[in-house]
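Coordinates as given in data.cif (mmCIF, C-alpha atoms and all ligand atoms):
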```
data_start
#
loop_
_atom_site.label_atom_id
_atom_site.label_comp_id
_atom_site.auth_asym_id
_atom_site.auth_seq_id
_atom_site.Cartn_x
_atom_site.Cartn_y
_atom_site.Cartn_z
CA MET A 1 31.00 25.43 15.02
CA ARG A 2 28.31 22.81 15.48
CA PRO A 3 24.88 22.64 13.84
CA ASP A 4 21.86 23.62 15.90
CA VAL A 5 20.01 20.51 14.79
CA VAL A 6 21.13 17.27 13.17
CA ILE A 7 18.58 15.29 11.16
CA VAL A 8 19.27 11.68 10.23
CA GLY A 9 17.64 10.81 6.89
CA ALA A 10 16.98 13.13 3.92
CA GLY A 11 13.54 11.65 3.24
CA LEU A 12 10.29 13.58 3.22
CA PHE A 13 10.23 13.93 7.00
CA GLY A 14 13.82 15.09 7.36
CA LEU A 15 13.78 17.62 4.53
CA VAL A 16 10.40 19.17 5.39
CA THR A 17 11.53 19.54 9.01
CA ALA A 18 14.81 21.15 7.94
CA ASP A 19 13.06 23.53 5.55
CA ARG A 20 10.35 24.63 8.00
CA LEU A 21 12.75 24.96 10.94
CA THR A 22 15.12 27.24 9.04
CA ALA A 23 12.13 29.31 7.85
CA LEU A 24 10.78 29.72 11.40
CA LEU A 25 14.19 30.32 12.95
CA PRO A 26 16.35 32.40 10.59
CA GLY A 27 20.01 31.78 11.26
CA ALA A 28 19.51 28.24 12.60
CA TRP A 29 21.88 25.74 11.01
CA VAL A 30 20.48 22.29 10.22
CA MET A 31 22.69 19.41 9.13
CA VAL A 32 21.01 16.48 7.36
CA LEU A 33 22.83 13.14 7.13
CA GLU A 34 21.75 10.86 4.28
CA ALA A 35 23.02 7.34 3.64
CA THR A 36 22.44 7.40 -0.13
CA ASP A 37 23.19 10.05 -2.73
CA ARG A 38 19.46 10.65 -3.31
CA LEU A 39 17.13 13.19 -1.74
CA GLY A 40 13.58 12.33 -0.75
CA GLY A 41 13.87 8.71 0.42
CA LEU A 42 10.92 6.68 -0.85
CA CYS A 43 9.31 9.75 -2.42
CA ALA A 44 12.30 10.50 -4.69
CA SER A 45 11.54 10.92 -8.38
CA THR A 46 13.52 10.94 -11.59
CA VAL A 47 13.06 11.04 -15.37
CA CYS A 48 13.17 7.95 -17.61
CA PRO A 49 15.92 8.62 -20.19
CA HIS A 50 14.11 6.57 -22.89
CA THR A 51 10.57 7.91 -22.68
CA GLY A 52 11.04 11.26 -20.88
CA VAL A 53 8.41 10.18 -18.34
CA GLN A 54 8.73 11.43 -14.75
CA TYR A 55 8.46 8.56 -12.24
CA ASN A 56 9.06 7.49 -8.65
CA PRO A 57 11.45 4.51 -8.63
CA TYR A 58 9.87 3.25 -5.39
CA GLY A 59 6.32 3.47 -6.74
CA THR A 60 4.00 6.30 -7.72
CA HIS A 61 3.58 8.81 -4.89
CA THR A 62 0.50 11.01 -4.77
CA LEU A 63 -0.08 13.39 -1.89
CA ALA A 64 -3.62 13.01 -0.55
CA THR A 65 -4.49 15.22 2.38
CA SER A 66 -7.46 16.73 4.15
CA ASP A 67 -5.16 19.09 6.05
CA PRO A 68 -5.16 22.48 4.26
CA ASP A 69 -1.86 23.46 5.93
CA VAL A 70 -0.11 20.49 4.33
CA TRP A 71 -1.33 21.32 0.84
CA THR A 72 -0.57 25.04 1.27
CA TYR A 73 2.93 24.24 2.47
CA VAL A 74 3.78 21.97 -0.48
CA ALA A 75 2.10 24.24 -3.03
CA GLY A 76 4.13 27.13 -1.60
CA ARG A 77 7.33 25.30 -2.49
CA THR A 78 6.50 23.84 -5.90
CA ARG A 79 3.76 23.97 -8.54
CA MET A 80 1.27 21.20 -7.79
CA ILE A 81 -0.93 19.35 -10.27
CA SER A 82 -4.26 18.46 -8.68
CA HIS A 83 -5.05 14.90 -9.58
CA GLN A 84 -7.64 12.51 -8.20
CA ARG A 85 -5.79 9.23 -8.15
CA ARG A 86 -7.84 6.31 -9.44
CA ALA A 87 -7.02 2.70 -8.76
CA TYR A 88 -8.24 -0.46 -10.45
CA ALA A 89 -7.94 -4.18 -9.88
CA ASP A 90 -7.34 -6.39 -12.89
CA ILE A 91 -9.58 -9.44 -12.46
CA GLY A 92 -8.98 -11.77 -15.38
CA GLY A 93 -8.44 -8.83 -17.73
CA GLU A 94 -11.43 -6.82 -16.47
CA LEU A 95 -10.62 -3.53 -14.73
CA VAL A 96 -12.63 -3.11 -11.54
CA PRO A 97 -12.49 0.25 -9.72
CA LEU A 98 -11.07 0.31 -6.20
CA PRO A 99 -11.80 0.86 -3.33
CA LEU A 100 -14.28 -1.99 -3.33
CA GLY A 101 -17.75 -0.75 -4.22
CA LEU A 102 -20.80 -1.61 -6.26
CA GLU A 103 -18.72 -2.39 -9.37
CA ALA A 104 -16.70 -5.03 -7.48
CA ILE A 105 -19.77 -6.54 -5.81
CA ARG A 106 -21.56 -6.82 -9.16
CA LEU A 107 -18.59 -8.65 -10.69
CA CYS A 108 -18.08 -10.88 -7.68
CA TYR A 109 -21.74 -11.92 -7.43
CA GLY A 110 -22.15 -12.15 -11.22
CA ASP A 111 -25.04 -9.68 -11.46
CA ALA A 112 -24.39 -6.45 -13.36
CA SER A 113 -27.81 -5.05 -12.43
CA LEU A 114 -27.49 -5.24 -8.62
CA THR A 115 -28.75 -2.12 -6.87
CA PRO A 116 -26.85 -0.76 -3.86
CA GLU A 117 -29.60 -2.08 -1.56
CA ALA A 118 -29.51 -5.58 -3.08
CA ALA A 119 -25.70 -5.57 -2.96
CA ARG A 120 -25.76 -4.71 0.73
CA VAL A 121 -28.18 -7.57 1.46
CA LEU A 122 -26.01 -10.11 -0.41
CA VAL A 123 -22.79 -9.03 1.29
CA GLU A 124 -24.49 -8.94 4.71
CA GLN A 125 -25.60 -12.55 4.24
CA ASP A 126 -22.01 -13.62 3.56
CA VAL A 127 -20.58 -11.51 6.36
CA ALA A 128 -23.01 -12.62 9.10
CA PRO A 129 -21.28 -15.96 9.95
CA HIS A 130 -17.95 -14.12 10.34
CA ARG A 131 -19.18 -11.52 12.84
CA THR A 132 -17.88 -13.05 16.03
CA GLY A 133 -18.70 -10.24 18.46
CA ARG A 134 -15.05 -9.86 19.43
CA ALA A 135 -12.32 -7.72 17.90
CA PRO A 136 -10.67 -9.40 14.89
CA ALA A 137 -7.30 -10.96 15.66
CA SER A 138 -5.90 -10.87 12.13
CA ALA A 139 -6.24 -9.12 8.78
CA GLN A 140 -8.12 -12.16 7.51
CA GLU A 141 -10.67 -12.03 10.33
CA ALA A 142 -11.13 -8.29 9.80
CA ALA A 143 -11.63 -8.80 6.06
CA LEU A 144 -14.10 -11.67 6.45
CA ALA A 145 -16.13 -9.68 8.98
CA ALA A 146 -16.32 -6.73 6.58
CA LEU A 147 -16.58 -8.40 3.16
CA GLY A 148 -17.44 -12.06 3.56
CA PRO A 149 -15.46 -14.83 1.88
CA ARG A 150 -16.31 -14.15 -1.77
CA LEU A 151 -15.06 -10.59 -2.02
CA TYR A 152 -12.17 -11.48 0.28
CA GLU A 153 -10.99 -14.28 -2.00
CA MET A 154 -11.40 -12.27 -5.20
CA PHE A 155 -9.85 -8.96 -4.16
CA VAL A 156 -8.03 -9.14 -0.85
CA ARG A 157 -6.32 -12.42 0.00
CA GLY A 158 -4.00 -12.47 -3.02
CA HIS A 159 -3.29 -8.75 -2.85
CA ILE A 160 -2.21 -8.83 0.81
CA THR A 161 -0.29 -12.09 0.45
CA LYS A 162 1.64 -10.82 -2.57
CA GLN A 163 2.30 -7.43 -0.99
CA TRP A 164 3.35 -8.60 2.47
CA GLY A 165 4.77 -12.00 1.56
CA THR A 166 2.73 -13.40 4.44
CA SER A 167 -0.77 -14.81 4.73
CA PRO A 168 -3.43 -12.35 6.01
CA GLU A 169 -3.99 -14.84 8.86
CA GLN A 170 -0.56 -13.85 10.23
CA LEU A 171 -1.00 -10.09 9.90
CA ALA A 172 -2.61 -7.53 12.19
CA PRO A 173 -6.18 -6.37 11.41
CA GLY A 174 -4.88 -2.90 10.44
CA VAL A 175 -3.35 -4.33 7.26
CA PHE A 176 -6.90 -4.76 6.05
CA THR A 177 -8.71 -1.92 7.81
CA ASP A 178 -6.20 0.81 6.86
CA ARG A 179 -6.25 0.05 3.13
CA PHE A 180 -9.48 -1.72 2.29
CA GLY A 181 -13.16 -1.29 3.04
CA ILE A 182 -16.46 -1.64 1.27
CA ARG A 183 -19.01 0.75 -0.16
CA PHE A 184 -22.30 -0.18 -1.73
CA THR A 185 -22.33 2.66 -4.24
CA PRO A 186 -20.07 2.91 -7.31
CA THR A 187 -16.57 4.11 -6.38
CA ALA A 188 -15.30 4.85 -9.90
CA GLY A 189 -11.79 4.21 -8.57
CA LEU A 190 -11.83 7.25 -6.29
CA ARG A 191 -11.04 7.35 -2.61
CA SER A 192 -13.67 9.36 -0.78
CA ALA A 193 -13.23 12.14 1.77
CA VAL A 194 -9.75 13.23 0.78
CA GLY A 195 -9.51 17.02 0.55
CA ARG A 196 -6.69 17.58 -1.95
CA GLN A 197 -4.70 15.15 -4.08
CA GLY A 198 -1.83 15.69 -6.45
CA PHE A 199 1.88 15.81 -7.09
CA PRO A 200 4.46 18.39 -8.19
CA ALA A 201 4.36 19.29 -11.88
CA ASP A 202 8.13 18.82 -12.04
CA GLY A 203 8.18 15.74 -9.82
CA TRP A 204 8.95 15.18 -6.15
CA GLY A 205 12.66 15.30 -7.00
CA ASP A 206 12.30 18.96 -7.96
CA PHE A 207 10.42 19.67 -4.71
CA PHE A 208 13.23 18.16 -2.61
CA GLY A 209 15.87 20.03 -4.61
CA ARG A 210 14.10 23.29 -3.77
CA LEU A 211 13.95 22.45 -0.06
CA VAL A 212 17.70 22.01 0.22
CA ASP A 213 18.53 25.05 -1.91
CA ASN A 214 19.08 26.90 1.36
CA ARG A 215 22.40 28.00 2.83
CA ASP A 216 21.20 27.18 6.36
CA ILE A 217 20.77 23.50 5.44
CA THR A 218 23.79 21.27 4.90
CA VAL A 219 23.11 17.82 3.45
CA LEU A 220 25.88 15.25 3.81
CA ARG A 221 25.12 12.51 1.28
CA ARG A 222 26.54 8.99 1.42
CA HIS A 223 26.77 9.45 5.16
CA ALA A 224 25.14 6.53 6.98
CA ALA A 225 24.76 7.83 10.52
CA SER A 226 24.60 5.77 13.68
CA VAL A 227 24.46 6.57 17.36
CA ARG A 228 28.22 5.93 17.52
CA ASP A 229 29.35 8.49 14.95
CA LEU A 230 26.82 11.25 15.32
CA PRO A 231 28.30 14.72 14.89
CA PRO A 232 27.84 17.03 17.90
CA TYR A 233 24.83 19.35 17.80
CA THR A 234 23.63 22.19 20.01
CA HIS A 235 19.90 21.62 20.43
CA ALA A 236 18.40 18.45 19.00
CA CYS A 237 18.86 15.37 16.87
CA ILE A 238 15.96 14.03 14.82
CA VAL A 239 16.23 10.39 13.79
CA THR A 240 13.89 9.37 10.95
CA THR A 241 15.67 6.08 10.18
CA PRO A 242 14.86 2.57 11.50
CA ILE A 243 14.56 2.75 15.28
CA ASP A 244 15.81 -0.80 15.96
CA ALA A 245 18.95 -0.22 13.87
CA TRP A 246 19.59 3.01 15.78
CA PHE A 247 19.76 1.03 19.03
CA ASP A 248 21.92 -1.68 17.43
CA HIS A 249 18.94 -4.08 17.60
CA ASP A 250 19.70 -4.63 21.26
CA LEU A 251 16.07 -5.43 22.14
CA GLY A 252 15.65 -7.46 18.96
CA THR A 253 15.06 -6.82 15.26
CA LEU A 254 11.67 -5.79 13.94
CA ALA A 255 10.43 -8.35 11.41
CA ARG A 256 10.31 -6.78 7.96
CA GLY A 257 8.97 -7.59 4.56
CA ARG A 258 10.56 -6.46 1.34
CA ILE A 259 8.96 -5.27 -1.86
CA CYS A 260 10.60 -3.97 -4.96
CA VAL A 261 9.53 -2.17 -8.08
CA ASP A 262 10.99 -3.62 -11.22
CA TRP A 263 10.82 -0.95 -13.97
CA ARG A 264 10.69 -2.24 -17.53
CA LEU A 265 10.10 -0.77 -20.96
CA THR A 266 7.00 -2.65 -22.07
CA ASP A 267 5.36 -2.94 -25.49
CA ARG A 268 2.52 -0.45 -25.71
CA HIS A 269 -0.13 -3.08 -26.47
CA THR A 270 0.69 -5.09 -23.31
CA ALA A 271 1.14 -2.13 -20.93
CA PRO A 272 -1.59 -1.50 -18.30
CA ALA A 273 -4.24 0.98 -19.39
CA THR A 274 -4.35 2.85 -16.07
CA ALA A 275 -1.75 4.59 -13.90
CA THR A 276 -2.14 2.17 -10.98
CA THR A 277 -3.47 -1.34 -11.44
CA THR A 278 -3.51 -4.09 -8.83
CA TYR A 279 -3.43 -7.80 -9.61
CA PRO A 280 -4.97 -9.79 -6.74
CA GLY A 281 -5.21 -13.01 -8.76
CA PRO A 282 -2.73 -15.90 -8.38
CA GLY A 283 -1.68 -16.03 -12.06
CA VAL A 284 0.43 -12.85 -11.91
CA PRO A 285 3.62 -12.66 -9.82
CA TYR A 286 3.33 -8.93 -9.06
CA TYR A 287 0.49 -7.34 -7.10
CA ARG A 288 0.60 -3.86 -8.58
CA ALA A 289 1.80 -2.13 -11.74
CA HIS A 290 2.64 1.57 -12.04
CA THR A 291 2.31 3.22 -15.45
CA PRO A 292 3.21 6.88 -14.81
CA GLU A 293 2.69 7.80 -18.47
CA HIS A 294 -1.06 7.83 -17.73
CA LEU A 295 -0.68 10.57 -15.10
CA PRO A 296 -1.43 14.17 -16.11
CA GLY A 297 1.37 16.58 -16.99
CA GLN A 298 3.65 13.97 -18.56
CA PRO A 299 5.46 14.88 -21.79
CA ALA A 300 4.44 13.07 -24.99
CA ASN A 301 6.31 9.77 -25.23
CA PRO A 302 7.78 9.56 -28.75
CA THR A 303 8.66 5.86 -28.47
CA GLU A 304 6.68 2.63 -28.87
CA LYS A 305 7.69 1.52 -25.39
CA VAL A 306 5.91 2.33 -22.14
CA LEU A 307 7.66 2.51 -18.77
CA VAL A 308 5.92 0.17 -16.30
CA GLY A 309 6.94 -0.56 -12.70
CA TYR A 310 5.97 -4.06 -11.55
CA GLU A 311 5.75 -4.14 -7.76
CA HIS A 312 6.23 -7.47 -6.05
CA HIS A 313 7.30 -8.99 -2.81
CA GLY A 314 10.95 -9.99 -2.44
CA ASP A 315 14.30 -8.63 -3.47
CA GLY A 316 15.26 -6.74 -6.58
CA PRO A 317 15.87 -3.24 -7.84
CA ASN A 318 14.46 -0.36 -5.77
CA ALA A 319 13.85 -2.66 -2.81
CA ILE A 320 11.87 -1.25 0.12
CA ASP A 321 11.96 -2.80 3.57
CA PHE A 322 8.85 -2.31 5.64
CA VAL A 323 7.95 -3.35 9.16
CA LEU A 324 5.33 -6.09 9.28
CA ARG A 325 2.19 -5.34 11.24
CA THR A 326 2.32 -8.24 13.66
CA PRO A 327 1.54 -8.24 17.40
CA ASP A 328 5.19 -9.14 18.21
CA ASN A 329 6.45 -6.21 16.17
CA GLN A 330 3.96 -3.92 17.87
CA ARG A 331 5.34 -4.88 21.29
CA LEU A 332 8.97 -4.53 20.20
CA ALA A 333 8.35 -1.17 18.52
CA ASP A 334 6.62 0.13 21.67
CA ALA A 335 9.62 -0.96 23.75
CA TYR A 336 12.02 0.93 21.48
CA ARG A 337 9.79 4.01 21.39
CA ALA A 338 9.59 4.04 25.19
CA ARG A 339 13.33 4.63 25.39
CA ARG A 340 14.24 8.17 26.26
CA THR A 341 17.39 9.72 24.86
CA ASP A 342 17.87 13.36 25.82
CA GLY A 343 17.60 15.72 22.88
CA VAL A 344 16.90 12.91 20.39
CA VAL A 345 13.51 12.60 18.69
CA PHE A 346 12.59 9.34 16.94
CA THR A 347 10.09 9.94 14.18
CA GLY A 348 9.40 9.50 10.44
CA ARG A 349 8.97 6.16 8.73
CA GLY A 350 11.78 4.65 10.81
CA SER A 351 9.55 4.86 13.92
CA THR A 352 5.98 5.29 12.72
CA PHE A 353 6.43 2.71 9.91
CA HIS A 354 3.26 3.20 7.87
CA ASP A 355 2.40 6.89 7.63
CA ASP A 356 1.45 8.40 4.29
CA MET A 357 2.90 11.61 2.86
CA GLY A 358 0.16 13.87 4.21
CA THR A 359 0.57 12.56 7.75
CA THR A 360 4.36 12.70 7.42
CA ILE A 361 4.36 16.34 6.28
CA ALA A 362 1.88 17.37 8.98
CA ALA A 363 4.03 15.71 11.66
CA ALA A 364 7.22 17.30 10.30
CA LEU A 365 5.66 20.79 10.26
CA ALA A 366 4.41 20.32 13.82
CA LEU A 367 7.80 19.09 15.04
CA ALA A 368 9.59 22.02 13.39
CA ALA A 369 7.20 24.47 15.08
CA ASP A 370 7.76 22.87 18.51
CA LEU A 371 11.52 22.78 18.04
CA ALA A 372 11.65 26.41 16.93
CA LYS A 373 9.85 27.48 20.13
CA THR A 374 12.10 25.32 22.33
CA ILE A 375 15.29 26.57 20.68
CA GLU A 376 14.21 30.21 20.88
CA ARG A 377 13.74 29.83 24.64
CA SER A 378 17.11 28.13 25.09
CA PRO A 379 19.95 30.12 26.70
CA LYS A 380 22.18 28.65 23.99
CA TRP A 381 20.23 30.55 21.30
CA PRO A 382 21.22 32.46 19.28
C1 LIG A 401 5.62 1.39 -2.01
C2 LIG A 401 5.18 2.63 -1.27
C3 LIG A 401 4.34 3.53 -1.92
C4 LIG A 401 3.89 4.67 -1.25
N1 LIG A 401 3.04 5.52 -1.90
C5 LIG A 401 2.56 6.59 -1.25
C6 LIG A 401 1.63 7.48 -1.88
O1 LIG A 401 1.26 7.34 -3.05
N2 LIG A 401 1.14 8.52 -1.16
C7 LIG A 401 1.52 8.73 0.14
O2 LIG A 401 1.01 9.67 0.75
N3 LIG A 401 2.43 7.94 0.75
C8 LIG A 401 2.95 6.87 0.10
N4 LIG A 401 3.86 6.06 0.73
C9 LIG A 401 4.38 6.45 2.06
C10 LIG A 401 5.57 7.44 1.92
O3 LIG A 401 6.57 6.83 1.13
C11 LIG A 401 6.11 7.80 3.31
O4 LIG A 401 5.10 8.48 4.03
C12 LIG A 401 7.35 8.71 3.27
O5 LIG A 401 8.32 8.23 2.39
C13 LIG A 401 7.96 8.81 4.67
O6 LIG A 401 9.11 9.64 4.60
P1 LIG A 401 10.29 9.49 5.66
O7 LIG A 401 11.21 10.63 5.45
O8 LIG A 401 9.72 9.31 7.02
O9 LIG A 401 11.00 8.09 5.32
P2 LIG A 401 11.90 7.61 4.09
O10 LIG A 401 11.32 8.04 2.80
O11 LIG A 401 12.09 6.15 4.31
O12 LIG A 401 13.29 8.38 4.29
C14 LIG A 401 14.29 7.95 5.19
C15 LIG A 401 15.64 8.41 4.65
O13 LIG A 401 16.66 8.00 5.58
C16 LIG A 401 17.77 7.48 4.86
N5 LIG A 401 18.53 6.60 5.77
C17 LIG A 401 18.24 5.33 6.17
N6 LIG A 401 19.17 4.89 7.06
C18 LIG A 401 20.05 5.91 7.23
C19 LIG A 401 21.21 6.09 8.06
N7 LIG A 401 21.66 5.14 8.88
N8 LIG A 401 21.86 7.28 8.00
C20 LIG A 401 21.43 8.29 7.17
N9 LIG A 401 20.34 8.17 6.38
C21 LIG A 401 19.65 7.00 6.42
C22 LIG A 401 17.13 6.78 3.68
O14 LIG A 401 18.07 6.60 2.63
C23 LIG A 401 16.01 7.77 3.31
O15 LIG A 401 16.47 8.77 2.43
C24 LIG A 401 4.31 4.92 0.08
C25 LIG A 401 5.18 4.03 0.73
C26 LIG A 401 5.61 2.88 0.07
C27 LIG A 401 6.51 1.91 0.79
#
```
Output the file's structure in the form of structure tokens.
Amino acid sequence: MRPDVVIVGAGLFGLVTADRLTALLPGAWVMVLEATDRLGGLCASTVCPHTGVQYNPYGTHTLATSDPDVWTYVAGRTRMISHQRRAYADIGGELVPLPLGLEAIRLCYGDASLTPEAARVLVEQDVAPHRTGRAPASAQEAALAALGPRLYEMFVRGHITKQWGTSPEQLAPGVFTDRFGIRFTPTAGLRSAVGRQGFPADGWGDFFGRLVDNRDITVLRRHAASVRDLPPYTHACIVTTPIDAWFDHDLGTLARGRICVDWRLTDRHTAPATATTTYPGPGVPYYRAHTPEHLPGQPANPTEKVLVGYEHHGDGPNAIDFVLRTPDNQRLADAYRARRTDGVVFTGRGSTFHDDMGTTIAAALALAADLAKTIERSPKWP
């Protein structure tokens, strides 16, 4: 007997697709091939044996979505804790709320009494020489045209350079525009216009465990799949893993950066005071620190140590490869995506590269719905 569908990669995309497909199409058999022995890919979570704190080894993952179907789906599988994630930048020991807003402008221009109107005028003056009238060619040009040089130097240049291991001059404008921006009112560390935010009370690991607790889903762990040793399937194969590796890099290899999160037990008095703190300044080797103990729902930590994940560019434990946003990569990725392979769908982080969890879940639910309809119409079903 062969599975109806094979999914390569037991990350968020693969497991949500498997779960939804088997719910929509009772009796369908989905086989998931996973290279590691972990479920959930980058979103996996575990418990620190020393402090009892629940954490994501690859960095804190909060679902933020304006799509009610995404939230309803996840909340239907696990108990969610609603939590508005707040982020701060540490500028010489002072915590400044992100995204950039009135608090950041006041610090940058050295005037704690600036009104939103006065802040806008000051930033506009700095931005004006950088508005070229043409589309920005790099992340640096995009940042200068939005923030001007002062805010750029204080909050953005170091952050992007430390995260991507490459100067913002070499990176596509989206590196800036997707993650940064400017408001002239206080932000208090909150992203605006996101409908629901939160994470599972028992961690993402528990959520993934529930998804695969299903006799119609078979997960083969420690099974690194490739186009050469793919098991036969009846209807479709969904590949969520790196698209250039799938094609043996025959058109070339996408340039990647590497970050890692180095988890350490840190003395309480030196641990960051917030759950997510960024460090754009040059004096600190990491660009972000995760302190999950500050998130809601965590058990009391009986020890004097605090678990902190220091995220930095380069190799190390919990390394994550990510595709650089460069024009060359864009062209190469488009060439790979344009390849047609009957019955094979390329999706997930391996092909889309930079989606967040909300977008990933929405795409997985949509793909499962399409597949269910296609399979139901197939003469090979049931
Ligand atoms: C540092 C960081 C922090 C993030 N934080 C957030 C956040 O707070 N909120 C948010 O919404 N999003 C966040 N994201 C994005 C989020 O991680 C992704 O949207 C999500 O992980 C995508 O899931 P995926 O299944 O497509 O990919 P992945 O999680 O990469 O899963 C792919 C799976 O395929 C497996 N695999 C790889 N090669 C093979 C092979 N040859 N054979 C079999 N299996 C293979 C991998 O082991 C992995 O399990 C973050 C991303 C990063 C890098």
Discussion item. As a ChimeraX atom specification, please: the residues near A:Ala137 (cut-off 12 Å, all atoms listed in the file, same-chain neighbours under 6 positions excluded).
Written reply: /A:143-145,168-176,325-327
Worksheet item: atom CA of A:Thr347 and atom CA of A:Ser66, how far apart in Å?
Response: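 The value is 21.3 Å.
Minimum atom-to-atom distances from A:Ala44, A:Val121, A:Val30, A:Ile217 to ligand LIG 401 (chain A) were compared using all atoms listed in the file, and the lowest value belongs to A:Ala44.
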Practice prompt. Would you work out the distance separating atom CA of A:Thr17 from atom CA of A:Pro296, expressed in Å to one decimal?
Written response: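 Spanning atom CA of A:Thr17 to atom CA of A:Pro296 is a straight-line distance of 28.8 Å.
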Practice prompt. Find the residues near ligand LIG 401 (chain A). Use a cut-off of 6 Å, count only C-alpha atoms and all ligand atoms, and write them as an MDAnalysis selection string.
Written response: chainID A and resid 8:14 33:36 40:43 58:64 223:226 240:241 348:349 355:358 360
Fill in: Length of the atom CA of A:Pro282 to atom CA of A:Thr166 vector [Å]
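Taking atom CA of A:Pro282 and atom CA of A:Thr166, their separation equals 14.2 Å.
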Listing only residues of stretch 96-152 of chain A within 12 Å of stretch 179-183 of chain A, what is the closest atom pair and its distance in Å (to one decimal) for each, using only C-alpha atoms, sorted by chain and residue number ascending, as a Markdown table?
```
| residue | atom | partner | partner_atom | distance |
| --- | --- | --- | --- | --- |
| A:Pro97 | CA | A:Arg183 | CA | 11.6 |
| A:Leu98 | CA | A:Phe180 | CA | 8.9 |
| A:Pro99 | CA | A:Phe180 | CA | 6.6 |
| A:Leu100 | CA | A:Ile182 | CA | 5.1 |
| A:Gly101 | CA | A:Arg183 | CA | 4.5 |
| A:Leu102 | CA | A:Arg183 | CA | 6.8 |
| A:Glu103 | CA | A:Arg183 | CA | 9.7 |
| A:Ala104 | CA | A:Ile182 | CA | 9.4 |
| A:Ile105 | CA | A:Ile182 | CA | 9.2 |
| A:Pro116 | CA | A:Arg183 | CA | 8.8 |
| A:Glu117 | CA | A:Arg183 | CA | 11.1 |
| A:Ala119 | CA | A:Arg183 | CA | 9.6 |
| A:Arg120 | CA | A:Arg183 | CA | 8.7 |
| A:Val123 | CA | A:Ile182 | CA | 9.7 |
| A:Glu124 | CA | A:Ile182 | CA | 11.4 |
| A:Val127 | CA | A:Ile182 | CA | 11.8 |
| A:Ala139 | CA | A:Phe180 | CA | 10.4 |
| A:Gln140 | CA | A:Phe180 | CA | 11.8 |
| A:Ala142 | CA | A:Gly181 | CA | 9.9 |
| A:Ala143 | CA | A:Gly181 | CA | 8.2 |
| A:Leu144 | CA | A:Gly181 | CA | 11.0 |
| A:Ala145 | CA | A:Gly181 | CA | 10.7 |
| A:Ala146 | CA | A:Gly181 | CA | 7.2 |
| A:Leu147 | CA | A:Ile182 | CA | 7.0 |
| A:Gly148 | CA | A:Ile182 | CA | 10.7 |
| A:Leu151 | CA | A:Ile182 | CA | 9.6 |
| A:Tyr152 | CA | A:Phe180 | CA | 10.3 |
```
Item to complete: For stretch 274-281 of chain A, work out the shell of residues within 7 Å, counting all atoms listed in the file and skipping chain neighbours fewer than 6 positions away, then give it as a list in words.
Response: Ala87, Tyr88, Ala89, Asp90, Ile91, Phe155, Val156, Gly158, His159, Tyr287, Arg288, Ala289, His290, Thr291, Pro292, His294 and Leu295 of chain A
Convert the current residue selection to file output with C-alpha atoms, as an mmCIF file, in the frame of the given file.
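Once written, result.cif looks like this:
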```
data_model
loop_
_atom_site.group_PDB
_atom_site.id
_atom_site.type_symbol
_atom_site.label_atom_id
_atom_site.label_comp_id
_atom_site.auth_asym_id
_atom_site.auth_seq_id
_atom_site.Cartn_x
_atom_site.Cartn_y
_atom_site.Cartn_z
ATOM 1 C CA ALA A 87 -7.020 2.700 -8.760
ATOM 2 C CA TYR A 88 -8.240 -0.460 -10.450
ATOM 3 C CA ALA A 89 -7.940 -4.180 -9.880
ATOM 4 C CA ASP A 90 -7.340 -6.390 -12.890
ATOM 5 C CA ILE A 91 -9.580 -9.440 -12.460
ATOM 6 C CA PHE A 155 -9.850 -8.960 -4.160
ATOM 7 C CA VAL A 156 -8.030 -9.140 -0.850
ATOM 8 C CA GLY A 158 -4.000 -12.470 -3.020
ATOM 9 C CA HIS A 159 -3.290 -8.750 -2.850
ATOM 10 C CA TYR A 287 0.490 -7.340 -7.100
ATOM 11 C CA ARG A 288 0.600 -3.860 -8.580
ATOM 12 C CA ALA A 289 1.800 -2.130 -11.740
ATOM 13 C CA HIS A 290 2.640 1.570 -12.040
ATOM 14 C CA THR A 291 2.310 3.220 -15.450
ATOM 15 C CA PRO A 292 3.210 6.880 -14.810
ATOM 16 C CA HIS A 294 -1.060 7.830 -17.730
ATOM 17 C CA LEU A 295 -0.680 10.570 -15.100
#
```
Worksheet entry | Nearest to A:Asp250, chosen from A:Arg150, A:Pro299, A:Tyr336, A:Pro57, with only C-alpha atoms counted in the distances |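 Counting only C-alpha atoms, the residue closest to A:Asp250 is A:Tyr336.
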